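K.L.:
One structure, as structure tokens, below. Some questions next.
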Amino acid sequence: MEDQIFVSDLPSLDTLYPGKVTLDTRSGYSGFIVPREFLLEVSTEIHDVWGYDMLSSITGVDYFPEKMEVVYHFYRSLGGGALVLKVQVPRDDAVVPSIFSIYNGAEFQEREAWDLLGIKFDGHPDLRRILMWEGFEGFPLRKDWKEAYYEGDTKPFSSRWPEGVAEHSENKNIFNDNVKYPENFDPDKWIASGEEALYLGLQKSENGKDMETESIVINLGPQHPSTHGVFRMAALVDGEEIVDLKPAFGYLHRNHEKIGERNTFLQNMPFTDRLDYISSMSNNFGYALAVEKLMGVKPPERAEYIRVIMAELTRIESHFMSTGFLLNDLGAFFTPALYALKERELILDVFEAVSGSRMMCNYFRFGGVVRDLPAGIQETIKNLAFERLPGKVDELDQLLTENEIVRSRCMGIGVLTAEQAINLSVTGPILRASGVPYDIRRADPYSIYDRFDFDIPVFYHGDVYDRYLIRIEEMRQSVRIIQQAITQIPEGPVFEGKPQYQVRVPAGEAYGRVEAPKGELGFYVVSNGQANPWRYHVRAPSFINLTSLRQMCLKYKVADVIAILGSIDIVLGEVDR
Amino acid sequence: MIDAALIWEWIIKSLILIIFLTVGFMYVTVYERRFLARIQSRIGPNRAGPFGLLQPAADGLKLIFKEELIPANADKFIFLLAPIITVIPALIVLAVIPWGEAMVIFGRQVNLFISDVNVAVVYIMAVTSISVYGITLAGWSSNNKYALLGGLRATAQMISYELALGLAFMGPVVLAGSLSMVDIVRAQQSSLWYVVLQPAAFLIYFFASIAEINRAPFDMPEAEQELTAGYHAEYSGMKFALFFMAEYIKMIAISTIGATLFFGGFDGPFVDQIPWLGPIYLLAKVVIYLGVLIWVRASWPRIRYDRLMQLGWKIMFPLALLNVIITAVVVVLVN
């Protein structure tokens, strides 16, 4: 603590830049409103002068029918709270300058906002659809876009079973009437124009080689054993060297956010499980934090401890998985992966005991957790935290860390410098492996993390090997947290107030973020006082960490791309949403 | 003297060897799957037949009924030829391996080898090198980028291990003073096993031969995680099975060659009195050798292909050369 760095607080932006920035005075809202012509100027200032070097999230909100709002969350890599900027534009002229030139991490997020909300980012280098398919007509998150089957002008399911007579609302609102296709569209003859754009976007290298060699484009994915799902990379290779690479995804897109806006607040809780299905407890945590901020409730002590224990168990479990499968990607024939899965099963047993489900836990509620720990499970967790897991983490460490092939395959591969990592909005273990000690549990503490004694491991090479090492080290720290939490856990209620299906959420906005195993998981929720959220945005760490994939892969070999992708540790449920 | 009986003897011995290799291939797959499962704290296939012993029959049956696809733009002739080129060398390479001392069967003196060629070691090297053409041709003719990369990797891989492998053979050859496998085994019977006298040559042989058969950690040409299946990505049905068969038969082959060159072949206690112990000893050594190969596959990640070239040219090749020179000098001095 003796080396603590003090950062000067940012004076209120509206006094700093009068005439350019105004305070957001709507009730329940915070941050500053910037007219779009000053956005670049102000964001350059806050980046260069005030040290808000991390762009956490960009999203849009459609305040139908008045305006469209683009919301930016900036953080300092030294820690501290958010700086929220908003740009309001008319709905029919939704054009905002791109901040890609200042924050490279904006690349995918701006594409996502364009794809789903139709906000055009002027100056973006490659503004294509990212999650929806190329021929898609319309912008699904705009409030005047109605989804086939589910959204008519009337409330979709109000009269599904009138007087016991089954009537399908699909029939009332049939497919053809509310799906828009481009003119003369014939699905059988349609050829994705985006393919061309994807391939043309690949940069041929301008190397000064004597011999003229021909490069070929290889599509790694969508069906490929090592992309951890339906993920695709279009790679331009010269021999086996990567000249350029572009990820393409959205194959599993289900428009999580659209469905989330149709659900009630509580219905979204089990829905968050499906984001990063490896670590559903962390997803619950982030969403619960965001909605609790809006509701102004605080969970009781015991619930806080249970939450922390579950979140840390999730981290251990997720890191076990990612370490095991990183080795798989390196070509080890499933042995490390299965050793890791064995430990994961033990943790899933705990999840099953507390929540009833092994993967889709749905355990958190706004103001606590759904039920108390069952009898005996505290002993199981104690046993895991004190006996089993520390030994098994050490075992993994012993078996893998010094392995000569692992070292030669991982060291110096996929290097990402600290500056690049921050600029690309990379979070989580990848950021810390690049030498930036940024962990939200410390940088912007939430829940009761400020009470525990644990370290934030940092490594400085920024390569695949350090990303592997940092996961091993983080598992050890998580074990430490669980050890403290499980011995200190108080008795008492686990839920504040009366459990109810329909929570009352006052109008306003909130951004809740947690340090999920894969990085910063944020939920931006806007409520207008009604039963379902007006806007429900997920800042998915895997999705945004992929922004750095191209940077990491250039000049390495095809075999390394697989290792690098494995070291980013993506889960497609979260990337594609 | 070649008479009809001798020709029949050759035919019968060849058939026995081929049947042994194909059945052996089937059971090496079961052996590998069960042993891997044990290492990975799993059980492995145990449903088809007692202890899963009928699993290869089930697998074979499945592969026979699979559709044989030939990609539209593939070079069909080469596409068909490639698996054959791969599997034939694997089947014929063991012809020069002695299985035991001569035995008297039905009143006839029978040598337990198909042929005692006086250049057996050269024969082995020549024949095993052919199969890499099968891989390269398969990769090229499939008209698939992954397969092409796999084929290219196979060629890059071959030039990096082949020299070291050849030089590793030279150690035992120099010590035994003969290129015949039978003579090499006899020489080991009279002295120590060559794994004691030639540890460096054995290690180089061990790794180079794994590279030769494209097994983990040198399975770059197929590299499931990177190139989906590499050179055989487009193969299905029995054509795929042929590649698969070639890989496992080559596993048996390099285990047998390794056991013969470095572990005394059919040598073992009491083999002088009871000659039929010879094949049993050799089989036991081969099974243990195969076990080590499987263990290696279960434990190590894949090495990157350019690193294998570095390993081959910068470490294994100079080491093998040094080993041959030292062996030669010592042999000359001792004699």
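How things are named: the first chain in the structure tokens is A, the next is B, and so on; residues count from 1 in each chain; ligands count from 1 in the order shown.
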What are the nearest atom pairs, with distances in Å to one decimal, for all residues of chain B that come at most 7 Å from chain A, using only C-alpha atoms, set out by chain and rising residue number as a Markdown table?
P.N.:
| residue | atom | partner | partner_atom | distance |
| --- | --- | --- | --- | --- |
| B:Gln40 | CA | A:Thr335 | CA | 5.2 |
| B:Lys145 | CA | A:Ile218 | CA | 6.9 |
| B:Gln225 | CA | A:Ser226 | CA | 5.1 |
| B:Glu226 | CA | A:Ala559 | CA | 5.7 |
| B:Thr228 | CA | A:His224 | CA | 6.2 |
| B:Arg297 | CA | A:Phe333 | CA | 6.6 |
| B:Ala298 | CA | A:Phe333 | CA | 5.5 |
| B:Ser299 | CA | A:Ala332 | CA | 6.6 |
| B:Trp300 | CA | A:Ala332 | CA | 5.3 |
| B:Pro301 | CA | A:Ala332 | CA | 3.7 |
| B:Arg302 | CA | A:Gly331 | CA | 4.5 |
| B:Ile303 | CA | A:Ile405 | CA | 6.1 |
| B:Arg304 | CA | A:Arg409 | CA | 6.7 |
K.L.:
Please list as a PyMOL selection string every residue within 7 Å of B:Leu290, counting only C-alpha atoms and excluding residues in the same chain fewer than 4 positions away.
P.N.:
chain B and resi 255+286+294
K.L.:
Rank nothing, just name the residue among A:His461, A:Ile33, A:Phe366, A:Met411 nearest to A:Phe265, using only C-alpha atoms.
P.N.:
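Comparing A:His461, A:Ile33, A:Phe366, A:Met411 against A:Phe265, the winner is A:Phe366.
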K.L.:
Using only C-alpha atoms, what does the table of stretch 246-322 of chain B residues within 10 Å of stretch 189-196 of chain B look like, with each row giving the shortest atom pair and its distance in Å to one decimal, sorted by chain and ascending number, as a tab-separated table?
P.N.:
residue	atom	partner	partner_atom	distance
B:Gly258	CA	B:Val195	CA	9.5
B:Ala259	CA	B:Val195	CA	9.3
B:Thr260	CA	B:Tyr194	CA	9.5
B:Leu261	CA	B:Tyr194	CA	7.0
B:Phe262	CA	B:Tyr194	CA	4.6
B:Phe263	CA	B:Trp193	CA	5.4
B:Gly264	CA	B:Trp193	CA	5.4
B:Gly265	CA	B:Trp193	CA	9.1
B:Phe266	CA	B:Gln189	CA	9.3
B:Asp267	CA	B:Gln189	CA	6.3
B:Gly268	CA	B:Gln189	CA	8.3
B:Asp272	CA	B:Gln189	CA	9.9
K.L.:
Could you write out the selected residues, including all heavy atoms, as a JSON list (two decimals), in the first residue's frame?
P.N.:
[["chain", "number", "residue", "atom", "x", "y", "z"],
["B", 258, "GLY", "N", 12.62, -50.68, -33.67],
["B", 258, "GLY", "CA", 13.32, -50.17, -32.49],
["B", 258, "GLY", "C", 13.69, -51.29, -31.55],
["B", 258, "GLY", "O", 14.82, -51.35, -31.02],
["B", 259, "ALA", "N", 12.74, -52.20, -31.31],
["B", 259, "ALA", "CA", 13.03, -53.32, -30.41],
["B", 259, "ALA", "C", 14.13, -54.20, -30.97],
["B", 259, "ALA", "O", 14.97, -54.71, -30.23],
["B", 259, "ALA", "CB", 11.76, -54.14, -30.19],
["B", 260, "THR", "N", 14.16, -54.36, -32.29],
["B", 260, "THR", "CA", 15.18, -55.22, -32.91],
["B", 260, "THR", "C", 16.55, -54.56, -32.87],
["B", 260, "THR", "O", 17.55, -55.19, -32.55],
["B", 260, "THR", "CB", 14.78, -55.51, -34.37],
["B", 260, "THR", "OG1", 13.44, -55.95, -34.37],
["B", 260, "THR", "CG2", 15.66, -56.58, -34.95],
["B", 261, "LEU", "N", 16.58, -53.27, -33.18],
["B", 261, "LEU", "CA", 17.88, -52.61, -33.27],
["B", 261, "LEU", "C", 18.48, -52.35, -31.90],
["B", 261, "LEU", "O", 19.69, -52.44, -31.71],
["B", 261, "LEU", "CB", 17.75, -51.27, -34.00],
["B", 261, "LEU", "CG", 17.62, -51.29, -35.51],
["B", 261, "LEU", "CD1", 17.45, -49.88, -36.01],
["B", 261, "LEU", "CD2", 18.84, -51.92, -36.14],
["B", 262, "PHE", "N", 17.64, -52.01, -30.94],
["B", 262, "PHE", "CA", 18.20, -51.51, -29.68],
["B", 262, "PHE", "C", 17.88, -52.39, -28.48],
["B", 262, "PHE", "O", 18.52, -52.27, -27.45],
["B", 262, "PHE", "CB", 17.69, -50.09, -29.42],
["B", 262, "PHE", "CG", 18.18, -49.11, -30.42],
["B", 262, "PHE", "CD1", 17.37, -48.69, -31.47],
["B", 262, "PHE", "CD2", 19.47, -48.61, -30.35],
["B", 262, "PHE", "CE1", 17.82, -47.79, -32.40],
["B", 262, "PHE", "CE2", 19.93, -47.71, -31.29],
["B", 262, "PHE", "CZ", 19.11, -47.31, -32.31],
["B", 263, "PHE", "N", 16.86, -53.24, -28.58],
["B", 263, "PHE", "CA", 16.49, -54.04, -27.41],
["B", 263, "PHE", "C", 16.65, -55.54, -27.67],
["B", 263, "PHE", "O", 15.96, -56.35, -27.10],
["B", 263, "PHE", "CB", 15.05, -53.72, -26.98],
["B", 263, "PHE", "CG", 14.91, -52.34, -26.44],
["B", 263, "PHE", "CD1", 14.52, -51.29, -27.25],
["B", 263, "PHE", "CD2", 15.18, -52.07, -25.10],
["B", 263, "PHE", "CE1", 14.40, -50.01, -26.77],
["B", 263, "PHE", "CE2", 15.08, -50.79, -24.61],
["B", 263, "PHE", "CZ", 14.68, -49.76, -25.44],
["B", 264, "GLY", "N", 17.54, -55.87, -28.58],
["B", 264, "GLY", "CA", 17.89, -57.27, -28.76],
["B", 264, "GLY", "C", 16.89, -58.09, -29.55],
["B", 264, "GLY", "O", 16.99, -59.30, -29.59],
["B", 265, "GLY", "N", 15.89, -57.47, -30.13],
["B", 265, "GLY", "CA", 14.95, -58.22, -30.96],
["B", 265, "GLY", "C", 14.31, -59.36, -30.21],
["B", 265, "GLY", "O", 13.72, -59.17, -29.15],
["B", 266, "PHE", "N", 14.49, -60.59, -30.74],
["B", 266, "PHE", "CA", 13.88, -61.75, -30.09],
["B", 266, "PHE", "C", 14.76, -62.28, -28.96],
["B", 266, "PHE", "O", 14.49, -63.34, -28.42],
["B", 266, "PHE", "CB", 13.58, -62.84, -31.12],
["B", 266, "PHE", "CG", 14.79, -63.26, -31.91],
["B", 266, "PHE", "CD1", 15.69, -64.18, -31.39],
["B", 266, "PHE", "CD2", 15.01, -62.74, -33.18],
["B", 266, "PHE", "CE1", 16.80, -64.57, -32.11],
["B", 266, "PHE", "CE2", 16.13, -63.12, -33.90],
["B", 266, "PHE", "CZ", 17.04, -64.03, -33.36],
["B", 267, "ASP", "N", 15.81, -61.56, -28.64],
["B", 267, "ASP", "CA", 16.72, -62.01, -27.60],
["B", 267, "ASP", "C", 16.04, -61.95, -26.23],
["B", 267, "ASP", "O", 15.24, -61.07, -25.95],
["B", 267, "ASP", "CB", 17.96, -61.12, -27.61],
["B", 267, "ASP", "CG", 18.99, -61.59, -26.60],
["B", 267, "ASP", "OD1", 19.01, -62.81, -26.32],
["B", 267, "ASP", "OD2", 19.76, -60.75, -26.11],
["B", 268, "GLY", "N", 16.39, -62.88, -25.38],
["B", 268, "GLY", "CA", 15.85, -62.90, -24.02],
["B", 268, "GLY", "C", 16.35, -64.14, -23.33],
["B", 268, "GLY", "O", 16.99, -64.99, -23.94],
["B", 272, "ASP", "N", 17.86, -69.54, -26.21],
["B", 272, "ASP", "CA", 18.72, -70.52, -26.89],
["B", 272, "ASP", "C", 18.14, -71.93, -26.80],
["B", 272, "ASP", "O", 18.14, -72.68, -27.77],
["B", 272, "ASP", "CB", 20.12, -70.54, -26.24],
["B", 272, "ASP", "CG", 20.71, -69.15, -26.20],
["B", 272, "ASP", "OD1", 20.26, -68.33, -27.03],
["B", 272, "ASP", "OD2", 21.56, -68.87, -25.34]]
K.L.:
Which residues, written as a list in words, have at least one atom at most 10 Å from B:Leu69, with only C-alpha atoms counted and residues fewer than 5 positions away on the same chain left out?
P.N.:
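So the residues in contact are Glu234, Tyr235, Ser236, Gly237 and Lys239 of chain B.
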K.L.:
Go ahead and compute the interatomic distance for atom CA of B:Ala233 and atom CA of B:Ala211, in Å to one decimal.
P.N.:
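A separation of 19.6 Å between them.
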K.L.:
Quick check, in Å to one decimal: how far apart do atom CA of A:Pro140 and atom CA of A:Gln530 lie?
P.N.:
20.6 Å
K.L.:
Can you list, as a ChimeraX atom specification, all residues belonging to stretch 91-130 of chain B that DSSP tags as strand (DSSP E)?
P.N.:
/B:103-105,108-110
K.L.:
List as a list in words the protein and nucleic acid residues near A:Gly60, meaning an atom at most 6 Å away when only C-alpha atoms are counted, but skip any in the same chain fewer than 5 places from it.
P.N.:
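Close residues of A:Gly60: Glu69, Val70 and Val71 of chain A.
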K.L.:
If you keep all heavy atoms, can you produce a file of those selected residues as an mmCIF file, in the first residue's frame?
P.N.:
data_model
loop_
_atom_site.group_PDB
_atom_site.id
_atom_site.type_symbol
_atom_site.label_atom_id
_atom_site.label_comp_id
_atom_site.auth_asym_id
_atom_site.auth_seq_id
_atom_site.Cartn_x
_atom_site.Cartn_y
_atom_site.Cartn_z
ATOM 1 N N GLU A 69 -29.530 7.735 -28.415
ATOM 2 C CA GLU A 69 -28.444 8.170 -27.548
ATOM 3 C C GLU A 69 -27.308 7.151 -27.612
ATOM 4 O O GLU A 69 -27.553 5.952 -27.541
ATOM 5 C CB GLU A 69 -28.964 8.284 -26.115
ATOM 6 C CG GLU A 69 -28.038 8.985 -25.182
ATOM 7 C CD GLU A 69 -28.695 9.170 -23.815
ATOM 8 O OE1 GLU A 69 -29.360 10.198 -23.621
ATOM 9 O OE2 GLU A 69 -28.564 8.270 -22.977
ATOM 10 N N VAL A 70 -26.106 7.637 -27.775
ATOM 11 C CA VAL A 70 -24.937 6.746 -27.730
ATOM 12 C C VAL A 70 -24.256 6.961 -26.394
ATOM 13 O O VAL A 70 -24.000 8.102 -25.999
ATOM 14 C CB VAL A 70 -23.958 7.050 -28.883
ATOM 15 C CG1 VAL A 70 -22.884 5.988 -28.940
ATOM 16 C CG2 VAL A 70 -24.699 7.118 -30.189
ATOM 17 N N VAL A 71 -24.010 5.871 -25.682
ATOM 18 C CA VAL A 71 -23.477 5.974 -24.328
ATOM 19 C C VAL A 71 -22.074 5.394 -24.302
ATOM 20 O O VAL A 71 -21.843 4.272 -24.759
ATOM 21 C CB VAL A 71 -24.376 5.202 -23.337
ATOM 22 C CG1 VAL A 71 -23.893 5.415 -21.918
ATOM 23 C CG2 VAL A 71 -25.808 5.627 -23.490
#
K.L.:
Could you check how far atom CA of B:Arg38 sits from atom CA of B:Ile280, in Å to one decimal?
P.N.:
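These two atoms are separated by 25.3 Å.
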K.L.:
Can you tell me, as a ChimeraX atom specification, what residues are no more than 10 Å from A:Gln378 when counting only C-alpha atoms, ignoring any on the same chain fewer than 3 positions away?
P.N.:
/A:350,373-375,381-384,486-487,489
K.L.:
Can you list, as an MDAnalysis selection string, every protein, DNA or RNA residue that comes within 8 Å of A:Gly368 when you count only C-alpha atoms, leaving out same-chain residues fewer than 2 positions away?
P.N.:
chainID A and resid 298:300 303:304 364:366 370 494:496
K.L.:
Pull N, CA, C and O atoms from the residues just selected and write them as a PDB file, in the first residue's frame.
P.N.:
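Once written, selection_9.pdb looks like this:
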ATOM      1  N   LYS A 298     -29.508  -3.345  -1.162  1.00  0.00           N
ATOM      2  CA  LYS A 298     -28.209  -3.922  -0.873  1.00  0.00           C
ATOM      3  C   LYS A 298     -28.440  -5.293  -0.264  1.00  0.00           C
ATOM      4  O   LYS A 298     -29.282  -5.437   0.622  1.00  0.00           O
ATOM      5  N   PRO A 299     -27.764  -6.301  -0.721  1.00  0.00           N
ATOM      6  CA  PRO A 299     -27.991  -7.629  -0.150  1.00  0.00           C
ATOM      7  C   PRO A 299     -27.458  -7.729   1.270  1.00  0.00           C
ATOM      8  O   PRO A 299     -26.530  -7.003   1.635  1.00  0.00           O
ATOM      9  N   PRO A 300     -28.035  -8.599   2.092  1.00  0.00           N
ATOM     10  CA  PRO A 300     -27.517  -8.782   3.445  1.00  0.00           C
ATOM     11  C   PRO A 300     -26.140  -9.418   3.436  1.00  0.00           C
ATOM     12  O   PRO A 300     -25.705  -9.979   2.435  1.00  0.00           O
ATOM     13  N   ALA A 303     -25.496 -13.022   2.234  1.00  0.00           N
ATOM     14  CA  ALA A 303     -25.645 -13.147   0.787  1.00  0.00           C
ATOM     15  C   ALA A 303     -24.399 -12.641   0.071  1.00  0.00           C
ATOM     16  O   ALA A 303     -23.945 -13.221  -0.917  1.00  0.00           O
ATOM     17  N   GLU A 304     -23.819 -11.531   0.591  1.00  0.00           N
ATOM     18  CA  GLU A 304     -22.599 -11.006  -0.037  1.00  0.00           C
ATOM     19  C   GLU A 304     -21.485 -12.043  -0.009  1.00  0.00           C
ATOM     20  O   GLU A 304     -20.762 -12.235  -0.992  1.00  0.00           O
ATOM     21  N   PHE A 364     -28.592 -15.887  -8.316  1.00  0.00           N
ATOM     22  CA  PHE A 364     -28.620 -14.566  -7.681  1.00  0.00           C
ATOM     23  C   PHE A 364     -29.995 -13.937  -7.869  1.00  0.00           C
ATOM     24  O   PHE A 364     -30.708 -14.204  -8.825  1.00  0.00           O
ATOM     25  N   ARG A 365     -30.359 -13.102  -6.915  1.00  0.00           N
ATOM     26  CA  ARG A 365     -31.580 -12.317  -7.026  1.00  0.00           C
ATOM     27  C   ARG A 365     -31.239 -10.872  -6.697  1.00  0.00           C
ATOM     28  O   ARG A 365     -30.191 -10.597  -6.106  1.00  0.00           O
ATOM     29  N   PHE A 366     -32.146  -9.963  -7.059  1.00  0.00           N
ATOM     30  CA  PHE A 366     -31.899  -8.548  -6.747  1.00  0.00           C
ATOM     31  C   PHE A 366     -32.095  -8.377  -5.251  1.00  0.00           C
ATOM     32  O   PHE A 366     -33.220  -8.397  -4.765  1.00  0.00           O
ATOM     33  N   VAL A 370     -30.980 -16.686  -4.107  1.00  0.00           N
ATOM     34  CA  VAL A 370     -32.322 -17.252  -4.094  1.00  0.00           C
ATOM     35  C   VAL A 370     -32.568 -18.136  -2.880  1.00  0.00           C
ATOM     36  O   VAL A 370     -33.649 -18.126  -2.317  1.00  0.00           O
ATOM     37  N   VAL A 494     -30.449 -14.396   3.697  1.00  0.00           N
ATOM     38  CA  VAL A 494     -29.720 -14.283   2.438  1.00  0.00           C
ATOM     39  C   VAL A 494     -30.481 -13.443   1.435  1.00  0.00           C
ATOM     40  O   VAL A 494     -30.070 -13.307   0.294  1.00  0.00           O
ATOM     41  N   PHE A 495     -31.608 -12.903   1.847  1.00  0.00           N
ATOM     42  CA  PHE A 495     -32.363 -12.091   0.905  1.00  0.00           C
ATOM     43  C   PHE A 495     -32.981 -10.919   1.647  1.00  0.00           C
ATOM     44  O   PHE A 495     -33.488 -11.060   2.747  1.00  0.00           O
ATOM     45  N   GLU A 496     -32.904  -9.755   1.021  1.00  0.00           N
ATOM     46  CA  GLU A 496     -33.425  -8.541   1.627  1.00  0.00           C
ATOM     47  C   GLU A 496     -34.879  -8.391   1.181  1.00  0.00           C
ATOM     48  O   GLU A 496     -35.156  -8.346  -0.014  1.00  0.00           O
TER      49      GLU A 496
END
K.L.:
Rank B:Leu277, B:Leu227, B:Ile124, B:Leu61 by their smallest atom-to-atom distance to B:Gly151, using only C-alpha atoms, and report the top residue only.
P.N.:
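Counting only C-alpha atoms, the residue closest to B:Gly151 is B:Leu227.
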K.L.:
Between A:Ala234, A:Ile102, A:Ile430, A:Ala290, which one has atoms that come closest to A:Lys246, using only C-alpha atoms?
P.N.:
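Between A:Ala234, A:Ile102, A:Ile430, A:Ala290, the residue approaching A:Lys246 most closely is A:Ala234.
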K.L.:
Got a sec to tell me which of stretch 44-213 of chain B DSSP assigns to alpha helix (DSSP H), as a PyMOL selection string?
P.N.:
chain B and resi 55-65+76-92+120-141+145-176+181-190+194-197+199-212
K.L.:
I'd like the contact shell of A:Lys189 - 12 Å cut-off, only C-alpha atoms, skipping same-chain residues fewer than 4 positions apart - returned as a ChimeraX atom specification.
P.N.:
/A:135,184-185
K.L.:
For N, CA and C atoms, I'd like the residues from the last selection saved as a compact mmCIF listing (two decimals), in the first residue's frame.
P.N.:
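Saved as result_2.txt:
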# COMPACT_ATOMS: atom_id res chain seq x y z
N GLY A 135 -27.49 -9.85 -45.23
CA GLY A 135 -28.66 -9.41 -45.97
C GLY A 135 -29.79 -8.92 -45.09
N ASN A 184 -36.86 -7.68 -54.16
CA ASN A 184 -36.55 -8.82 -55.03
C ASN A 184 -35.64 -9.83 -54.37
N PHE A 185 -35.86 -10.06 -53.10
CA PHE A 185 -34.96 -10.95 -52.38
C PHE A 185 -35.37 -12.40 -52.62
